[in-house]
>>> print(open('input.txt').read())   # compact mmCIF, C-alpha atoms and all ligand atoms
# COMPACT_ATOMS: atom_id res chain seq x y z
CA MET A 1 -23.13 10.47 -4.67
CA VAL A 2 -20.49 12.11 -2.46
CA SER A 3 -17.49 13.97 -3.88
CA TYR A 4 -14.20 13.37 -2.12
CA LYS A 5 -13.52 17.08 -2.49
CA ASP A 6 -16.32 17.81 -0.02
CA LEU A 7 -14.67 15.44 2.46
CA GLY A 8 -11.33 17.26 2.41
CA LEU A 9 -9.56 14.42 0.56
CA VAL A 10 -7.24 14.79 -2.43
CA ASN A 11 -6.56 12.58 -5.45
CA THR A 12 -3.03 11.38 -6.24
CA ARG A 13 -2.19 13.74 -9.12
CA GLU A 14 -0.41 16.53 -7.24
CA MET A 15 1.01 14.10 -4.66
CA PHE A 16 2.70 12.12 -7.45
CA GLU A 17 3.92 15.21 -9.32
CA LYS A 18 5.68 16.40 -6.16
CA ALA A 19 6.98 12.92 -5.31
CA MET A 20 8.42 12.53 -8.80
CA ALA A 21 10.12 15.93 -8.69
CA GLY A 22 11.35 15.44 -5.11
CA HIS A 23 12.56 11.83 -5.57
CA TYR A 24 10.49 10.29 -2.79
CA ALA A 25 7.44 7.99 -2.61
CA ILE A 26 4.05 8.46 -0.96
CA PRO A 27 3.23 5.80 1.65
CA ALA A 28 0.10 3.78 0.89
CA PHE A 29 -0.92 2.11 4.14
CA ASN A 30 -3.88 -0.29 4.35
CA PHE A 31 -6.40 0.13 7.16
CA ASN A 32 -9.31 -1.94 8.45
CA ASN A 33 -9.94 -0.50 11.91
CA MET A 34 -9.71 2.58 14.11
CA GLU A 35 -6.36 1.83 15.75
CA GLN A 36 -4.62 1.39 12.38
CA LEU A 37 -6.13 4.62 11.09
CA GLN A 38 -5.16 6.55 14.24
CA ALA A 39 -1.60 5.26 14.00
CA ILE A 40 -1.31 6.20 10.31
CA ILE A 41 -2.61 9.72 10.87
CA GLN A 42 -0.54 10.32 14.02
CA ALA A 43 2.62 9.11 12.28
CA CYS A 44 2.05 11.11 9.09
CA VAL A 45 1.11 14.28 10.96
CA GLU A 46 4.19 14.02 13.19
CA SER A 47 6.47 13.35 10.25
CA ALA A 48 4.61 15.85 8.02
CA SER A 49 4.05 13.25 5.30
CA PRO A 50 1.30 13.08 2.70
CA VAL A 51 -0.50 9.74 2.87
CA ILE A 52 -2.66 7.36 0.88
CA LEU A 53 -5.18 5.46 3.00
CA GLN A 54 -5.83 2.15 1.29
CA VAL A 55 -9.01 0.11 1.58
CA SER A 56 -9.12 -3.37 0.05
CA SER A 57 -12.39 -5.06 -0.82
CA GLY A 58 -11.67 -7.36 2.13
CA ALA A 59 -11.40 -4.30 4.37
CA ARG A 60 -14.67 -3.04 2.98
CA LYS A 61 -16.37 -6.31 3.87
CA TYR A 62 -14.72 -6.45 7.28
CA ALA A 63 -15.38 -2.92 8.47
CA ASN A 64 -18.38 -1.84 6.38
CA GLN A 65 -17.95 0.51 3.45
CA THR A 66 -19.98 3.34 4.95
CA LEU A 67 -18.09 3.29 8.24
CA LEU A 68 -14.74 3.29 6.41
CA ARG A 69 -15.76 6.28 4.35
CA TYR A 70 -16.76 8.24 7.46
CA MET A 71 -13.53 7.15 9.15
CA ALA A 72 -11.53 8.64 6.28
CA GLU A 73 -13.54 11.85 6.54
CA GLY A 74 -12.81 11.78 10.27
CA ALA A 75 -9.12 11.26 9.54
CA VAL A 76 -8.98 14.59 7.69
CA ALA A 77 -10.47 16.37 10.71
CA TYR A 78 -8.26 14.37 13.11
CA ALA A 79 -5.08 15.39 11.25
CA LYS A 80 -6.08 19.05 11.48
CA GLU A 81 -6.84 18.64 15.18
CA LEU A 82 -3.35 17.17 15.63
CA GLY A 83 -2.00 20.33 14.05
CA ARG A 84 -1.26 19.63 10.40
CA ASN A 85 -3.49 19.63 7.34
CA ILE A 86 -1.59 16.85 5.50
CA PRO A 87 -2.77 15.73 2.04
CA ILE A 88 -4.87 12.56 2.51
CA CYS A 89 -6.03 10.35 -0.34
CA LEU A 90 -8.64 7.59 0.10
CA HIS A 91 -7.78 4.80 -2.32
CA LEU A 92 -9.40 1.49 -3.29
CA ASP A 93 -6.71 -1.20 -3.24
CA HIS A 94 -6.99 -4.02 -5.82
CA GLY A 95 -10.45 -3.20 -7.16
CA ASP A 96 -11.43 -6.18 -9.29
CA THR A 97 -14.63 -5.01 -11.00
CA PHE A 98 -15.97 -1.84 -12.59
CA GLU A 99 -18.92 -1.95 -10.17
CA LEU A 100 -16.68 -1.97 -7.10
CA CYS A 101 -14.63 0.96 -8.42
CA LYS A 102 -17.81 2.91 -9.29
CA SER A 103 -19.28 2.25 -5.86
CA CYS A 104 -16.13 3.58 -4.16
CA ILE A 105 -16.01 6.65 -6.42
CA ASP A 106 -19.69 7.33 -5.69
CA MET A 107 -18.99 7.04 -1.94
CA GLY A 108 -16.18 9.58 -1.82
CA PHE A 109 -12.96 7.75 -2.68
CA SER A 110 -10.45 10.04 -4.38
CA SER A 111 -8.48 7.29 -6.11
CA VAL A 112 -9.10 3.70 -7.20
CA MET A 113 -7.01 0.81 -8.39
CA ILE A 114 -8.46 -1.46 -11.03
CA ASP A 115 -6.41 -4.63 -10.97
CA GLY A 116 -6.85 -6.46 -14.24
CA SER A 117 -3.31 -7.81 -14.10
CA HIS A 118 -4.51 -11.43 -14.01
CA LEU A 119 -6.67 -10.95 -17.15
CA PRO A 120 -5.57 -11.39 -20.75
CA TYR A 121 -3.95 -8.12 -21.89
CA ASP A 122 -6.87 -6.88 -24.04
CA GLU A 123 -9.37 -7.53 -21.25
CA ASN A 124 -7.15 -5.68 -18.76
CA VAL A 125 -7.03 -2.73 -21.17
CA ALA A 126 -10.82 -2.71 -21.72
CA LEU A 127 -11.71 -2.98 -18.01
CA THR A 128 -9.15 -0.37 -16.98
CA ARG A 129 -10.31 2.01 -19.73
CA LYS A 130 -13.92 1.68 -18.53
CA VAL A 131 -12.94 2.57 -14.96
CA VAL A 132 -10.81 5.52 -16.11
CA GLU A 133 -13.67 6.93 -18.22
CA TYR A 134 -15.99 6.87 -15.21
CA ALA A 135 -13.44 8.05 -12.64
CA HIS A 136 -12.10 10.98 -14.62
CA GLN A 137 -15.57 12.54 -14.85
CA PHE A 138 -15.19 13.13 -11.10
CA ASP A 139 -11.48 13.92 -11.08
CA VAL A 140 -10.77 10.60 -9.34
CA THR A 141 -7.35 9.16 -10.24
CA VAL A 142 -6.89 5.55 -11.37
CA GLU A 143 -4.05 3.05 -10.86
CA GLY A 144 -3.76 0.12 -13.26
CA GLU A 145 -1.45 -2.90 -13.11
CA LEU A 146 0.66 -4.76 -15.64
CA GLY A 147 2.52 -7.88 -14.63
CA VAL A 148 1.45 -10.29 -11.90
CA LEU A 149 2.72 -10.36 -8.32
CA ALA A 150 2.89 -13.69 -6.53
CA GLY A 151 0.79 -14.06 -3.41
CA ILE A 152 -2.66 -13.04 -2.37
CA GLU A 153 -4.19 -9.91 -3.85
CA ASP A 154 -7.54 -10.03 -2.08
CA GLU A 155 -9.75 -12.40 -4.10
CA VAL A 156 -7.07 -12.53 -6.79
CA SER A 157 -4.30 -14.98 -5.94
CA ALA A 158 -1.32 -16.00 -8.02
CA GLU A 159 1.21 -18.71 -7.33
CA HIS A 160 3.93 -17.37 -9.61
CA HIS A 161 4.75 -13.85 -10.58
CA THR A 162 5.20 -12.54 -14.09
CA TYR A 163 7.44 -9.52 -14.43
CA THR A 164 6.03 -6.50 -16.21
CA GLU A 165 6.88 -6.49 -19.90
CA PRO A 166 8.33 -3.01 -20.60
CA ASP A 167 7.27 -3.18 -24.25
CA GLN A 168 3.61 -3.19 -23.18
CA VAL A 169 3.58 -0.12 -20.94
CA ILE A 170 3.24 2.67 -23.55
CA ASP A 171 0.35 0.91 -25.26
CA PHE A 172 -1.36 0.20 -21.91
CA VAL A 173 -1.04 3.72 -20.56
CA THR A 174 -2.10 5.31 -23.86
CA LYS A 175 -5.11 3.05 -24.39
CA THR A 176 -6.37 3.17 -20.80
CA GLY A 177 -5.54 6.72 -19.70
CA VAL A 178 -4.46 5.55 -16.22
CA ASP A 179 -2.81 8.05 -13.88
CA SER A 180 -0.31 5.57 -12.43
CA LEU A 181 0.91 2.07 -13.14
CA ALA A 182 1.68 -0.75 -10.72
CA ILE A 183 4.45 -2.99 -12.02
CA SER A 184 5.91 -6.35 -11.08
CA ILE A 185 9.68 -6.30 -10.50
CA GLY A 186 10.11 -8.96 -7.82
CA THR A 187 7.97 -7.82 -4.89
CA SER A 188 5.03 -9.92 -3.73
CA HIS A 189 2.23 -9.73 -1.20
CA GLY A 190 2.31 -11.07 2.34
CA ALA A 191 5.08 -11.93 4.81
CA ASN A 192 6.70 -14.76 2.82
CA LYS A 193 8.05 -13.02 -0.24
CA PHE A 194 11.04 -15.29 -0.75
CA ARG A 195 11.91 -18.83 0.23
CA PRO A 196 15.07 -19.07 2.39
CA GLU A 197 16.80 -21.11 -0.33
CA GLN A 198 16.42 -18.16 -2.73
CA CYS A 199 18.45 -15.97 -0.33
CA THR A 200 22.12 -15.61 0.53
CA ARG A 201 23.55 -14.86 3.99
CA ASN A 202 25.46 -11.63 4.65
CA ALA A 203 28.43 -11.27 7.05
CA GLU A 204 26.05 -11.00 10.04
CA GLY A 205 24.28 -14.19 8.99
CA VAL A 206 21.14 -12.32 7.92
CA LEU A 207 19.25 -13.74 4.92
CA VAL A 208 19.43 -11.38 1.93
CA PRO A 209 16.85 -11.95 -0.80
CA PRO A 210 17.57 -11.51 -4.51
CA PRO A 211 17.48 -7.84 -5.54
CA LEU A 212 14.46 -6.26 -7.22
CA ARG A 213 14.59 -6.06 -11.03
CA PHE A 214 15.68 -2.42 -11.28
CA ASP A 215 16.61 -3.15 -14.90
CA ILE A 216 12.90 -3.63 -15.69
CA LEU A 217 11.99 -0.47 -13.76
CA GLU A 218 14.60 1.48 -15.75
CA GLU A 219 13.19 0.15 -19.04
CA VAL A 220 9.70 1.22 -17.96
CA GLU A 221 11.01 4.69 -16.98
CA LYS A 222 12.68 5.07 -20.38
CA ARG A 223 9.42 4.36 -22.14
CA LEU A 224 7.25 6.47 -19.81
CA PRO A 225 9.41 9.40 -18.67
CA GLY A 226 7.91 11.17 -15.66
CA PHE A 227 5.02 8.72 -15.32
CA PRO A 228 4.13 7.62 -11.74
CA ILE A 229 4.96 3.99 -10.98
CA VAL A 230 3.54 2.01 -8.04
CA LEU A 231 5.14 -0.81 -6.06
CA HIS A 232 2.85 -3.29 -4.35
CA GLY A 233 4.04 -5.96 -1.95
CA SER A 234 6.64 -3.66 -0.38
CA SER A 235 6.70 -4.73 3.25
CA SER A 236 10.15 -5.34 4.68
CA VAL A 237 8.98 -7.91 7.26
CA PRO A 238 11.07 -6.61 10.21
CA GLN A 239 12.50 -9.65 11.98
CA LYS A 240 12.05 -8.02 15.39
CA TYR A 241 8.26 -8.43 15.01
CA VAL A 242 8.55 -11.99 13.69
CA GLU A 243 10.77 -12.91 16.67
CA ILE A 244 8.34 -11.42 19.20
CA ILE A 245 5.36 -13.13 17.57
CA ASN A 246 7.12 -16.51 17.62
CA LYS A 247 8.50 -15.98 21.15
CA TYR A 248 4.96 -15.53 22.45
CA GLY A 249 3.31 -18.53 20.84
CA GLY A 250 3.07 -17.48 17.20
CA ALA A 251 4.11 -19.57 14.21
CA VAL A 252 5.21 -17.15 11.51
CA LYS A 253 7.75 -19.20 9.56
CA ASP A 254 10.33 -18.22 6.94
CA ALA A 255 9.03 -14.66 6.75
CA ILE A 256 11.25 -12.58 4.45
CA GLY A 257 10.51 -9.12 3.04
CA ILE A 258 11.98 -6.47 0.75
CA PRO A 259 15.16 -4.95 2.26
CA GLU A 260 14.78 -1.25 3.08
CA ASP A 261 17.72 -0.21 0.91
CA GLN A 262 15.91 -1.63 -2.12
CA LEU A 263 12.81 0.43 -1.28
CA ARG A 264 14.89 3.59 -0.69
CA ARG A 265 16.39 3.14 -4.13
CA ALA A 266 12.93 2.60 -5.68
CA ALA A 267 11.52 5.68 -3.90
CA LYS A 268 14.16 7.88 -5.53
CA SER A 269 13.10 6.68 -8.99
CA ALA A 270 9.76 7.03 -10.80
CA VAL A 271 8.16 4.93 -8.05
CA CYS A 272 5.77 7.43 -6.44
CA LYS A 273 3.61 5.08 -4.31
CA ILE A 274 4.80 2.23 -2.11
CA ASN A 275 2.20 -0.15 -0.64
CA ILE A 276 2.68 -1.47 2.87
CA ASP A 277 0.21 -3.68 4.71
CA SER A 278 1.90 -6.82 6.06
CA ASP A 279 4.44 -4.91 8.20
CA GLY A 280 1.56 -3.24 10.03
CA ARG A 281 -0.10 -6.60 10.60
CA LEU A 282 3.14 -7.99 12.04
CA ALA A 283 3.72 -4.98 14.34
CA MET A 284 0.18 -5.12 15.65
CA THR A 285 0.23 -8.87 16.21
CA ALA A 286 3.61 -8.72 17.94
CA ALA A 287 2.37 -6.05 20.35
CA VAL A 288 -0.87 -7.85 21.15
CA ARG A 289 0.91 -11.18 21.67
CA GLU A 290 3.49 -9.60 23.96
CA VAL A 291 0.91 -7.87 26.14
CA LEU A 292 -1.36 -10.90 26.40
CA ALA A 293 1.59 -13.20 27.19
CA THR A 294 3.25 -10.94 29.76
CA LYS A 295 0.05 -9.62 31.39
CA PRO A 296 -2.26 -12.64 31.39
CA ALA A 297 -4.77 -11.00 33.70
CA GLU A 298 -5.39 -8.16 31.25
CA PHE A 299 -8.76 -8.17 29.50
CA ASP A 300 -9.36 -4.52 28.62
CA PRO A 301 -8.90 -4.33 24.80
CA ARG A 302 -7.47 -0.83 25.17
CA LYS A 303 -4.56 -2.32 27.11
CA TYR A 304 -3.41 -4.42 24.16
CA LEU A 305 -4.77 -2.41 21.22
CA GLY A 306 -3.22 0.76 22.68
CA PRO A 307 0.34 -0.66 22.59
CA ALA A 308 -0.43 -2.14 19.15
CA ARG A 309 -1.35 1.35 17.97
CA ASP A 310 1.89 2.77 19.44
CA TRP A 311 4.02 0.12 17.69
CA LEU A 312 2.20 0.80 14.43
CA LYS A 313 2.78 4.53 14.73
CA GLU A 314 6.51 3.98 15.30
CA LEU A 315 6.62 1.68 12.24
CA TYR A 316 4.81 4.16 9.97
CA LYS A 317 7.01 7.07 11.09
CA HIS A 318 10.07 4.99 10.32
CA LYS A 319 8.73 4.28 6.82
CA CYS A 320 8.12 7.97 6.11
CA GLU A 321 11.38 9.21 7.63
CA CYS A 322 13.90 6.51 6.79
CA VAL A 323 12.56 4.52 3.83
CA LEU A 324 10.20 6.45 1.55
CA GLY A 325 11.56 9.95 2.13
CA SER A 326 8.05 11.43 2.38
CA ALA A 327 8.65 13.03 5.79
CA GLY A 328 8.57 16.82 5.68
CA LYS A 329 6.84 16.86 2.27
CA ALA A 330 3.28 17.57 3.45
O1 LIG B 1 -2.68 -6.42 -1.37
C1 LIG B 1 -3.44 -6.80 -0.48
C2 LIG B 1 -3.53 -6.03 0.78
O2 LIG B 1 -2.50 -6.41 1.65
C3 LIG B 1 -4.90 -6.15 1.36
O3 LIG B 1 -5.08 -7.38 1.98
O4 LIG B 1 -7.23 -8.18 0.99
O5 LIG B 1 -6.38 -9.12 3.14
O6 LIG B 1 -7.29 -6.78 3.04
P1 LIG B 1 -6.59 -7.89 2.30
P1 LIG B 2 2.59 -6.15 1.57
O1 LIG B 2 1.86 -7.46 1.75
O2 LIG B 2 4.02 -6.37 1.18
O3 LIG B 2 2.46 -5.26 2.74
O4 LIG B 2 1.91 -5.40 0.32
C1 LIG B 2 0.70 -4.68 0.49
C2 LIG B 2 0.08 -4.29 -0.78
O5 LIG B 2 0.65 -4.36 -1.86
C3 LIG B 2 -1.29 -3.77 -0.73
O6 LIG B 2 -1.82 -3.55 -2.00
ZN ZN B 3 -1.13 -4.89 -3.50
>>> encode(input="input.txt", output="structure tokens", more="lines below")
Ligand code: G3H
Ligand code: 13P
Ligand code: ZN
Amino acid sequence: MVSYKDLGLVNTREMFEKAMAGHYAIPAFNFNNMEQLQAIIQACVESASPVILQVSSGARKYANQTLLRYMAEGAVAYAKELGRNIPICLHLDHGDTFELCKSCIDMGFSSVMIDGSHLPYDENVALTRKVVEYAHQFDVTVEGELGVLAGIEDEVSAEHHTYTEPDQVIDFVTKTGVDSLAISIGTSHGANKFRPEQCTRNAEGVLVPPPLRFDILEEVEKRLPGFPIVLHGSSSVPQKYVEIINKYGGAVKDAIGIPEDQLRRAAKSAVCKINIDSDGRLAMTAAVREVLATKPAEFDPRKYLGPARDWLKELYKHKCECVLGSAGKA
């Protein structure tokens, strides 16, 4: 049993209190490897942003749970070495069982998500409550979810989304004791959040997806004043990366994300945590494809993973400074 407090990590409680009061959102970036983690820490140190490092169960399988835990511990030391002791939370993304959440808590995670959103309501409540009871003994914070996002959530996949029902949120939060709540208001996971036919074209000919359901968010806020809300599936899918990927042999089709102005608006509300994974995947893939296509003789992984890391860092800084408003809040 390792306590996150001994690793220099923090849970989300104070982060969310400050984010709520300051009308910004904490970035929650997924990582699976060293270059992604370096880019996240460099970006958040340079922009003085608190950060949530997210590990999915897929990431745990890919990179090994023990290595990931030591990497997060290393990230705390790395941030200090870069000159700023930013608040860093290590969070399980989309935990699907009590055992997985317990294992992460026992290994030093400071926050876990238990995603029972696909279960019948009473089962979601019971599972979430069980995780909260265990986690709170160790001052680990817990995120629950109500409403289903379309797309892949690790092992949990859903074809159609179901918006969060505002009339359920008080009962859910009271019965489970969660510290934050992920809701479904029109975001979804992955790079294809909307079909082109769902979008309209603006004056520049750019596809504009339907707006998020801020009316549902407002209803949730009315029922849970001051309670931290989480937005999953919040990548914006920058078209510059999609174009580079496709220019250099890729086939990323009809990729449409959440416009940044929608996320800026959400970050100013009770939304305290915004999850971004796909944009990082696109930036990294675009950089690697460009290097390999333009320098075909290159075979040193540092020569393509290095630029990928630089592109990622630029992306994450942009998120903190121009989208989430978390820059300068560390
Ligand atoms: O919400 C899902 C995250 O983007 C993690 O994706 O399960 O492929 O690691 P993953
Ligand atoms: P994106 O696929 O939009 O990046 O969402 C990531 C996410 O919600 C991780 O939990
Ligand atoms: Zn998610």
>>> residues_near_ligand(input="input.txt", ligand="ligand ZN 3 (chain B)", cutoff="8 Å", atoms="all atoms listed in the file", output="MDAnalysis selection string")
chainID A and resid 93:94 153 188:189 231:233 275
>>> closest_residue(input="input.txt", among="A:Lys61, A:Lys253, A:His91, A:His118", to="ligand LIG 2 (chain B)", atoms="all atoms listed in the file")
A:His91
>>> closest_residue(input="input.txt", among="A:Asn85, A:Asn32, A:Asn192, A:Ser180", to="A:Asn64", atoms="all atoms listed in the file")
A:Asn32
>>> axis_aligned_box(input="input.txt", around="ligand LIG 2 (chain B)", padding_each_side="3 Å", output="JSON")
{"center_x": 1.1, "center_y": -5.5, "center_z": 0.4, "size_x": 11.8, "size_y": 9.9, "size_z": 10.7}
>>> residues_near_ligand(input="input.txt", ligand="ligand LIG 2 (chain B)", cutoff="9 Å", atoms="all atoms listed in the file", output="MDAnalysis selection string")
chainID A and resid 28:30 54:56 93:94 151:154 187:193 231:237 257:258 274:281
